[in-house]
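One structure below.
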Amino acid sequence: MAPEIVRAAKNHTTSSHESHASNDTQSYSQIGFDGRADLWSCGVILYETIFGQCPIVGNTGFDVMRQLMTVTRITLSETTKSGHALSSECLDLLAKLLVPDVEHRITFEELEKHPFVQLLQFRKDIDIQWRAEEVLKMARECEKKGEFKSSLDGYIEGAKGLMEYVKQLEDKDVKGIVRQRVKEMTGRAEKVKWKMEAREDNGNKNPRTGSFTRGNVDSGRNNGCGNSKGSFMR
């Protein structure tokens, strides 16, 4: 709970008792706080994730509330309990989120542009791209083994992953390169689909073994060529 909420609640309760007319329909801003309290909450969650405890602790809830009423600064450790050092970007964001004075706390716009948040987004984008490329790699392997159903699913899921990656990109040239890659994988999917149809039209004959059953197509689940849906992009 943000300090301004505790202070506002105390003031509101006091004034309500004095007037004997508490208005339950008052807005948060009228009581004394607004959505910026969520920024404090973000800081608390990040702090708990890193240090395993709240930035303000007490023996009782009342003790914590009392501290929130008077706190002016949160002291931050530069290392975790296990001894790992925090990055300067992480420390800076924590310090700017956990500011008791709401007027000096980081804004939502500043939070979105903060280097630590940008770094997390960059890592997410790279992860999307990596997963998509891994899916496409598996799809190619499945195609070589004749596991066309799994290969087709892989090309489709991989192309979807790359398109998701494109949405995160700002550089037009890079977008063009990735879109071309999507086009290539879509073309591969069409060719694999044609191979599947041709195999079925040939009396379910596998050109490599002379025989074919639907089970052979899906048997890739045991050799790394399983159905990609729900697994490749997980």
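Each chain in the structure tokens gets a letter, A, B, ..., in the order shown, and its residues are numbered from 1; ligands are numbered from 1 in order too.
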
Select from range 44-191 of chain A everything DSSP, run on the backbone, classes as helix (DSSP H, G or I), then give the selection as a count of residues only. 108

Write out as a list in words each polymer residue whose atoms come within 12 Å of Glu190 in chain A, counting only C-alpha atoms; drop sequence neighbours fewer than 6 positions from it.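 So, after excluding close chain neighbours, the residues are Phe148, Lys149, Ser151, Leu152, Asp153, Tyr155, Ile156, Lys183, Glu184, Met196 and Glu197 of chain A.
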
Spatial neighbours of Lys137 in chain A, 12 Å, only C-alpha atoms, chain gap at least 2 places, as a PDB file with all heavy atoms, in the first residue's frame:
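Below you can see selection10.pdb, which holds the result:
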```
ATOM      1  N   TRP A 130      14.065 -16.008 -31.043  1.00  0.00           N
ATOM      2  CA  TRP A 130      14.806 -17.255 -30.832  1.00  0.00           C
ATOM      3  C   TRP A 130      13.867 -18.455 -30.882  1.00  0.00           C
ATOM      4  O   TRP A 130      14.167 -19.478 -31.512  1.00  0.00           O
ATOM      5  CB  TRP A 130      15.532 -17.208 -29.491  1.00  0.00           C
ATOM      6  CG  TRP A 130      16.298 -18.466 -29.184  1.00  0.00           C
ATOM      7  CD1 TRP A 130      17.543 -18.809 -29.604  1.00  0.00           C
ATOM      8  CD2 TRP A 130      15.833 -19.570 -28.389  1.00  0.00           C
ATOM      9  NE1 TRP A 130      17.896 -20.044 -29.129  1.00  0.00           N
ATOM     10  CE2 TRP A 130      16.866 -20.544 -28.387  1.00  0.00           C
ATOM     11  CE3 TRP A 130      14.654 -19.831 -27.690  1.00  0.00           C
ATOM     12  CZ2 TRP A 130      16.759 -21.747 -27.697  1.00  0.00           C
ATOM     13  CZ3 TRP A 130      14.541 -21.037 -27.011  1.00  0.00           C
ATOM     14  CH2 TRP A 130      15.572 -21.975 -27.018  1.00  0.00           C
ATOM     15  N   ARG A 131      12.722 -18.343 -30.202  1.00  0.00           N
ATOM     16  CA  ARG A 131      11.761 -19.448 -30.186  1.00  0.00           C
ATOM     17  C   ARG A 131      11.237 -19.740 -31.590  1.00  0.00           C
ATOM     18  O   ARG A 131      11.097 -20.897 -31.981  1.00  0.00           O
ATOM     19  CB  ARG A 131      10.588 -19.116 -29.248  1.00  0.00           C
ATOM     20  CG  ARG A 131      10.932 -19.177 -27.779  1.00  0.00           C
ATOM     21  CD  ARG A 131       9.758 -18.743 -26.919  1.00  0.00           C
ATOM     22  NE  ARG A 131      10.082 -18.786 -25.511  1.00  0.00           N
ATOM     23  CZ  ARG A 131       9.928 -19.857 -24.737  1.00  0.00           C
ATOM     24  NH1 ARG A 131       9.454 -20.969 -25.259  1.00  0.00           N
ATOM     25  NH2 ARG A 131      10.247 -19.821 -23.464  1.00  0.00           N
ATOM     26  N   ALA A 132      10.957 -18.673 -32.326  1.00  0.00           N
ATOM     27  CA  ALA A 132      10.449 -18.849 -33.690  1.00  0.00           C
ATOM     28  C   ALA A 132      11.477 -19.552 -34.568  1.00  0.00           C
ATOM     29  O   ALA A 132      11.151 -20.470 -35.330  1.00  0.00           O
ATOM     30  CB  ALA A 132      10.078 -17.492 -34.293  1.00  0.00           C
ATOM     31  N   GLU A 133      12.744 -19.154 -34.450  1.00  0.00           N
ATOM     32  CA  GLU A 133      13.800 -19.764 -35.256  1.00  0.00           C
ATOM     33  C   GLU A 133      14.012 -21.225 -34.862  1.00  0.00           C
ATOM     34  O   GLU A 133      14.295 -22.074 -35.712  1.00  0.00           O
ATOM     35  CB  GLU A 133      15.107 -18.978 -35.101  1.00  0.00           C
ATOM     36  CG  GLU A 133      15.082 -17.594 -35.734  1.00  0.00           C
ATOM     37  CD  GLU A 133      14.952 -17.648 -37.256  1.00  0.00           C
ATOM     38  OE1 GLU A 133      15.106 -18.736 -37.855  1.00  0.00           O
ATOM     39  OE2 GLU A 133      14.690 -16.587 -37.856  1.00  0.00           O
ATOM     40  N   GLU A 134      13.873 -21.541 -33.579  1.00  0.00           N
ATOM     41  CA  GLU A 134      13.998 -22.926 -33.132  1.00  0.00           C
ATOM     42  C   GLU A 134      12.874 -23.783 -33.706  1.00  0.00           C
ATOM     43  O   GLU A 134      13.092 -24.932 -34.108  1.00  0.00           O
ATOM     44  CB  GLU A 134      13.972 -22.989 -31.596  1.00  0.00           C
ATOM     45  CG  GLU A 134      15.260 -22.549 -30.936  1.00  0.00           C
ATOM     46  CD  GLU A 134      16.422 -23.468 -31.282  1.00  0.00           C
ATOM     47  OE1 GLU A 134      16.331 -24.670 -30.994  1.00  0.00           O
ATOM     48  OE2 GLU A 134      17.407 -22.978 -31.854  1.00  0.00           O
ATOM     49  N   VAL A 135      11.682 -23.212 -33.752  1.00  0.00           N
ATOM     50  CA  VAL A 135      10.538 -23.923 -34.328  1.00  0.00           C
ATOM     51  C   VAL A 135      10.790 -24.225 -35.803  1.00  0.00           C
ATOM     52  O   VAL A 135      10.552 -25.333 -36.294  1.00  0.00           O
ATOM     53  CB  VAL A 135       9.243 -23.094 -34.170  1.00  0.00           C
ATOM     54  CG1 VAL A 135       8.111 -23.715 -34.978  1.00  0.00           C
ATOM     55  CG2 VAL A 135       8.844 -23.017 -32.707  1.00  0.00           C
ATOM     56  N   ALA A 139      11.110 -27.667 -37.834  1.00  0.00           N
ATOM     57  CA  ALA A 139      10.243 -27.923 -38.989  1.00  0.00           C
ATOM     58  C   ALA A 139      11.060 -28.439 -40.170  1.00  0.00           C
ATOM     59  O   ALA A 139      10.637 -29.367 -40.880  1.00  0.00           O
ATOM     60  CB  ALA A 139       9.499 -26.648 -39.373  1.00  0.00           C
ATOM     61  N   ARG A 140      12.234 -27.858 -40.378  1.00  0.00           N
ATOM     62  CA  ARG A 140      13.095 -28.298 -41.477  1.00  0.00           C
ATOM     63  C   ARG A 140      13.587 -29.727 -41.255  1.00  0.00           C
ATOM     64  O   ARG A 140      13.654 -30.528 -42.195  1.00  0.00           O
ATOM     65  CB  ARG A 140      14.281 -27.342 -41.624  1.00  0.00           C
ATOM     66  CG  ARG A 140      13.916 -25.982 -42.203  1.00  0.00           C
ATOM     67  CD  ARG A 140      15.156 -25.188 -42.573  1.00  0.00           C
ATOM     68  NE  ARG A 140      15.936 -24.817 -41.394  1.00  0.00           N
ATOM     69  CZ  ARG A 140      15.739 -23.694 -40.708  1.00  0.00           C
ATOM     70  NH1 ARG A 140      14.798 -22.846 -41.080  1.00  0.00           N
ATOM     71  NH2 ARG A 140      16.499 -23.414 -39.670  1.00  0.00           N
ATOM     72  N   GLU A 141      13.928 -30.048 -40.007  1.00  0.00           N
ATOM     73  CA  GLU A 141      14.386 -31.394 -39.689  1.00  0.00           C
ATOM     74  C   GLU A 141      13.271 -32.408 -39.926  1.00  0.00           C
ATOM     75  O   GLU A 141      13.510 -33.498 -40.447  1.00  0.00           O
ATOM     76  CB  GLU A 141      14.857 -31.452 -38.227  1.00  0.00           C
ATOM     77  CG  GLU A 141      16.146 -30.698 -37.954  1.00  0.00           C
ATOM     78  CD  GLU A 141      17.309 -31.247 -38.761  1.00  0.00           C
ATOM     79  OE1 GLU A 141      17.428 -32.481 -38.857  1.00  0.00           O
ATOM     80  OE2 GLU A 141      18.092 -30.434 -39.295  1.00  0.00           O
ATOM     81  N   CYS A 142      12.069 -32.029 -39.530  1.00  0.00           N
ATOM     82  CA  CYS A 142      10.918 -32.917 -39.723  1.00  0.00           C
ATOM     83  C   CYS A 142      10.647 -33.131 -41.213  1.00  0.00           C
ATOM     84  O   CYS A 142      10.303 -34.235 -41.634  1.00  0.00           O
ATOM     85  CB  CYS A 142       9.670 -32.344 -39.046  1.00  0.00           C
ATOM     86  SG  CYS A 142       9.733 -32.374 -37.239  1.00  0.00           S
ATOM     87  N   GLU A 143      10.808 -32.083 -41.996  1.00  0.00           N
ATOM     88  CA  GLU A 143      10.598 -32.194 -43.441  1.00  0.00           C
ATOM     89  C   GLU A 143      11.613 -33.171 -44.049  1.00  0.00           C
ATOM     90  O   GLU A 143      11.265 -34.000 -44.889  1.00  0.00           O
ATOM     91  CB  GLU A 143      10.717 -30.832 -44.099  1.00  0.00           C
ATOM     92  CG  GLU A 143      10.457 -30.865 -45.600  1.00  0.00           C
ATOM     93  CD  GLU A 143      10.596 -29.514 -46.260  1.00  0.00           C
ATOM     94  OE1 GLU A 143      10.909 -28.523 -45.568  1.00  0.00           O
ATOM     95  OE2 GLU A 143      10.389 -29.443 -47.496  1.00  0.00           O
ATOM     96  N   LYS A 144      12.870 -33.075 -43.608  1.00  0.00           N
ATOM     97  CA  LYS A 144      13.903 -33.973 -44.124  1.00  0.00           C
ATOM     98  C   LYS A 144      13.598 -35.430 -43.781  1.00  0.00           C
ATOM     99  O   LYS A 144      13.922 -36.342 -44.551  1.00  0.00           O
ATOM    100  CB  LYS A 144      15.272 -33.598 -43.538  1.00  0.00           C
ATOM    101  CG  LYS A 144      15.820 -32.270 -44.039  1.00  0.00           C
ATOM    102  CD  LYS A 144      17.157 -31.959 -43.375  1.00  0.00           C
ATOM    103  CE  LYS A 144      17.714 -30.625 -43.846  1.00  0.00           C
ATOM    104  NZ  LYS A 144      19.007 -30.306 -43.168  1.00  0.00           N
ATOM    105  N   SER A 150       4.061 -32.724 -39.012  1.00  0.00           N
ATOM    106  CA  SER A 150       4.758 -31.973 -37.970  1.00  0.00           C
ATOM    107  C   SER A 150       5.530 -30.809 -38.574  1.00  0.00           C
ATOM    108  O   SER A 150       5.605 -29.726 -37.992  1.00  0.00           O
ATOM    109  CB  SER A 150       5.721 -32.887 -37.204  1.00  0.00           C
ATOM    110  OG  SER A 150       5.018 -33.899 -36.519  1.00  0.00           O
ATOM    111  N   SER A 151       6.112 -31.036 -39.750  1.00  0.00           N
ATOM    112  CA  SER A 151       6.857 -29.979 -40.429  1.00  0.00           C
ATOM    113  C   SER A 151       5.943 -28.825 -40.799  1.00  0.00           C
ATOM    114  O   SER A 151       6.276 -27.652 -40.593  1.00  0.00           O
ATOM    115  CB  SER A 151       7.534 -30.538 -41.685  1.00  0.00           C
ATOM    116  OG  SER A 151       8.202 -29.517 -42.389  1.00  0.00           O
ATOM    117  N   GLY A 154       5.065 -26.825 -37.834  1.00  0.00           N
ATOM    118  CA  GLY A 154       6.215 -26.048 -37.403  1.00  0.00           C
ATOM    119  C   GLY A 154       6.421 -24.795 -38.230  1.00  0.00           C
ATOM    120  O   GLY A 154       6.683 -23.714 -37.688  1.00  0.00           O
ATOM    121  N   TYR A 155       6.320 -24.928 -39.549  1.00  0.00           N
ATOM    122  CA  TYR A 155       6.486 -23.755 -40.416  1.00  0.00           C
ATOM    123  C   TYR A 155       5.418 -22.699 -40.115  1.00  0.00           C
ATOM    124  O   TYR A 155       5.699 -21.497 -40.093  1.00  0.00           O
ATOM    125  CB  TYR A 155       6.416 -24.164 -41.883  1.00  0.00           C
ATOM    126  CG  TYR A 155       7.687 -24.797 -42.397  1.00  0.00           C
ATOM    127  CD1 TYR A 155       7.662 -26.043 -43.039  1.00  0.00           C
ATOM    128  CD2 TYR A 155       8.919 -24.162 -42.254  1.00  0.00           C
ATOM    129  CE1 TYR A 155       8.832 -26.639 -43.515  1.00  0.00           C
ATOM    130  CE2 TYR A 155      10.087 -24.746 -42.730  1.00  0.00           C
ATOM    131  CZ  TYR A 155      10.037 -25.979 -43.348  1.00  0.00           C
ATOM    132  OH  TYR A 155      11.190 -26.552 -43.810  1.00  0.00           O
ATOM    133  N   GLU A 157       3.672 -22.295 -37.215  1.00  0.00           N
ATOM    134  CA  GLU A 157       3.891 -21.702 -35.902  1.00  0.00           C
ATOM    135  C   GLU A 157       5.109 -20.793 -35.904  1.00  0.00           C
ATOM    136  O   GLU A 157       5.123 -19.739 -35.271  1.00  0.00           O
ATOM    137  CB  GLU A 157       4.052 -22.810 -34.847  1.00  0.00           C
ATOM    138  CG  GLU A 157       2.782 -23.560 -34.532  1.00  0.00           C
ATOM    139  CD  GLU A 157       1.687 -22.645 -34.017  1.00  0.00           C
ATOM    140  OE1 GLU A 157       1.943 -21.896 -33.058  1.00  0.00           O
ATOM    141  OE2 GLU A 157       0.582 -22.662 -34.575  1.00  0.00           O
ATOM    142  N   GLY A 158       6.169 -21.205 -36.620  1.00  0.00           N
ATOM    143  CA  GLY A 158       7.368 -20.377 -36.702  1.00  0.00           C
ATOM    144  C   GLY A 158       7.098 -19.054 -37.396  1.00  0.00           C
ATOM    145  O   GLY A 158       7.582 -17.999 -36.971  1.00  0.00           O
ATOM    146  N   ALA A 159       6.332 -19.098 -38.478  1.00  0.00           N
ATOM    147  CA  ALA A 159       5.982 -17.875 -39.206  1.00  0.00           C
ATOM    148  C   ALA A 159       5.155 -16.943 -38.314  1.00  0.00           C
ATOM    149  O   ALA A 159       5.357 -15.725 -38.315  1.00  0.00           O
ATOM    150  CB  ALA A 159       5.204 -18.222 -40.473  1.00  0.00           C
ATOM    151  N   MET A 185       9.145 -18.904 -45.252  1.00  0.00           N
ATOM    152  CA  MET A 185       8.629 -20.010 -44.449  1.00  0.00           C
ATOM    153  C   MET A 185       7.196 -20.374 -44.853  1.00  0.00           C
ATOM    154  O   MET A 185       6.813 -21.539 -44.820  1.00  0.00           O
ATOM    155  CB  MET A 185       8.674 -19.640 -42.966  1.00  0.00           C
ATOM    156  CG  MET A 185      10.075 -19.498 -42.413  1.00  0.00           C
ATOM    157  SD  MET A 185      11.123 -20.971 -42.686  1.00  0.00           S
ATOM    158  CE  MET A 185      12.126 -20.425 -44.096  1.00  0.00           C
ATOM    159  N   GLY A 224      11.669 -35.800 -31.847  1.00  0.00           N
ATOM    160  CA  GLY A 224      11.868 -34.349 -31.907  1.00  0.00           C
ATOM    161  C   GLY A 224      11.033 -33.664 -32.944  1.00  0.00           C
ATOM    162  O   GLY A 224      11.148 -32.454 -33.129  1.00  0.00           O
ATOM    163  N   CYS A 225      10.188 -34.398 -33.668  1.00  0.00           N
ATOM    164  CA  CYS A 225       9.366 -33.791 -34.714  1.00  0.00           C
ATOM    165  C   CYS A 225       7.902 -33.882 -34.344  1.00  0.00           C
ATOM    166  O   CYS A 225       7.066 -34.228 -35.171  1.00  0.00           O
ATOM    167  CB  CYS A 225       9.628 -34.481 -36.065  1.00  0.00           C
ATOM    168  SG  CYS A 225      11.260 -34.144 -36.718  1.00  0.00           S
ATOM    169  N   SER A 228       3.723 -29.318 -33.587  1.00  0.00           N
ATOM    170  CA  SER A 228       4.215 -28.069 -32.991  1.00  0.00           C
ATOM    171  C   SER A 228       3.156 -27.332 -32.197  1.00  0.00           C
ATOM    172  O   SER A 228       3.474 -26.541 -31.326  1.00  0.00           O
ATOM    173  CB  SER A 228       4.730 -27.141 -34.095  1.00  0.00           C
ATOM    174  OG  SER A 228       3.673 -26.746 -34.942  1.00  0.00           O
ATOM    175  N   PHE A 232       5.903 -26.314 -29.755  1.00  0.00           N
ATOM    176  CA  PHE A 232       7.025 -25.575 -30.314  1.00  0.00           C
ATOM    177  C   PHE A 232       7.120 -24.172 -29.722  1.00  0.00           C
ATOM    178  O   PHE A 232       8.191 -23.703 -29.409  1.00  0.00           O
ATOM    179  CB  PHE A 232       6.878 -25.449 -31.845  1.00  0.00           C
ATOM    180  CG  PHE A 232       7.239 -26.710 -32.563  1.00  0.00           C
ATOM    181  CD1 PHE A 232       6.802 -26.940 -33.859  1.00  0.00           C
ATOM    182  CD2 PHE A 232       8.027 -27.676 -31.963  1.00  0.00           C
ATOM    183  CE1 PHE A 232       7.152 -28.088 -34.534  1.00  0.00           C
ATOM    184  CE2 PHE A 232       8.376 -28.826 -32.640  1.00  0.00           C
ATOM    185  CZ  PHE A 232       7.932 -29.038 -33.933  1.00  0.00           C
TER     186      PHE A 232
END
```

Using only C-alpha atoms, which residues sit within 7 Å of Ala2 in chain A once same-chain residues fewer than 6 positions away are excluded, as a PyMOL selection string? chain A and resi 37+40-41

Residue contacts of range 66-75 of chain A (7 Å, only C-alpha atoms) excluding same-chain residues fewer than 5 positions away, as a PyMOL selection string: chain A and resi 3+6-7+98-100

Got time to write the residues from that selection, C-alpha atoms, as an mmCIF file, in the first residue's frame?
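Here's the written file result.cif:
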```
data_model
loop_
_atom_site.group_PDB
_atom_site.id
_atom_site.type_symbol
_atom_site.label_atom_id
_atom_site.label_comp_id
_atom_site.auth_asym_id
_atom_site.auth_seq_id
_atom_site.Cartn_x
_atom_site.Cartn_y
_atom_site.Cartn_z
ATOM 1 C CA PRO A 3 2.204 5.882 1.771
ATOM 2 C CA VAL A 6 -2.371 5.376 4.330
ATOM 3 C CA ARG A 7 -2.083 9.094 4.999
ATOM 4 C CA LEU A 98 9.784 3.617 -4.122
ATOM 5 C CA VAL A 99 9.591 7.349 -3.476
ATOM 6 C CA PRO A 100 7.230 8.044 -0.546
#
```

To one decimal place, how far is CA of Leu162 in chain A from CA of Lys175 in chain A in Å? 10.0 Å

Do you know which residues are at most 7 Å from range 111-117 of chain A counting only C-alpha atoms, after dropping those on the same chain fewer than 3 positions away, and could you put them as a PyMOL selection string? chain A and resi 89-90+93+106-108+120-121

Go ahead and save the residues from that selection, with N, CA, C and O atoms, as a CSV table (one decimal), in the first residue's frame.
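The resulting out.csv:
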```
chain,number,residue,atom,x,y,z
A,89,GLU,N,20.6,0.0,-13.7
A,89,GLU,CA,19.3,0.3,-14.3
A,89,GLU,C,18.2,-0.2,-13.3
A,89,GLU,O,17.2,0.5,-13.1
A,90,CYS,N,18.4,-1.4,-12.7
A,90,CYS,CA,17.5,-1.9,-11.8
A,90,CYS,C,17.4,-1.1,-10.5
A,90,CYS,O,16.3,-0.7,-10.0
A,93,LEU,N,15.6,2.2,-11.1
A,93,LEU,CA,14.2,2.1,-11.3
A,93,LEU,C,13.5,1.9,-9.9
A,93,LEU,O,12.5,2.5,-9.6
A,106,ILE,N,8.5,8.6,-10.0
A,106,ILE,CA,8.5,8.5,-11.4
A,106,ILE,C,7.1,8.4,-12.0
A,106,ILE,O,6.2,8.0,-11.3
A,107,THR,N,6.9,9.0,-13.2
A,107,THR,CA,5.6,8.9,-13.8
A,107,THR,C,5.4,7.7,-14.7
A,107,THR,O,6.4,7.0,-14.9
A,108,PHE,N,4.2,7.4,-15.1
A,108,PHE,CA,4.0,6.3,-16.0
A,108,PHE,C,4.7,6.4,-17.3
A,108,PHE,O,5.3,5.4,-17.8
A,120,LEU,N,14.1,-5.2,-20.5
A,120,LEU,CA,13.2,-6.3,-20.4
A,120,LEU,C,12.5,-6.6,-21.7
A,120,LEU,O,12.3,-7.7,-22.1
A,121,GLN,N,12.0,-5.5,-22.4
A,121,GLN,CA,11.3,-5.6,-23.6
A,121,GLN,C,12.3,-6.2,-24.7
A,121,GLN,O,11.9,-7.0,-25.5
```

Residue with smallest distance to Ile5 in chain A - pool A:Met65, A:Val192, A:Ala85, A:Leu119, counting only C-alpha atoms: A:Met65

Compare A:Ala95, A:Leu169, A:Ala198, A:Leu86 by their minimum atom-to-atom distance to Phe51 in chain A, counting only C-alpha atoms, and give me the closest one.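 Ranked by minimum distance to Phe51 in chain A, first place goes to A:Leu86.
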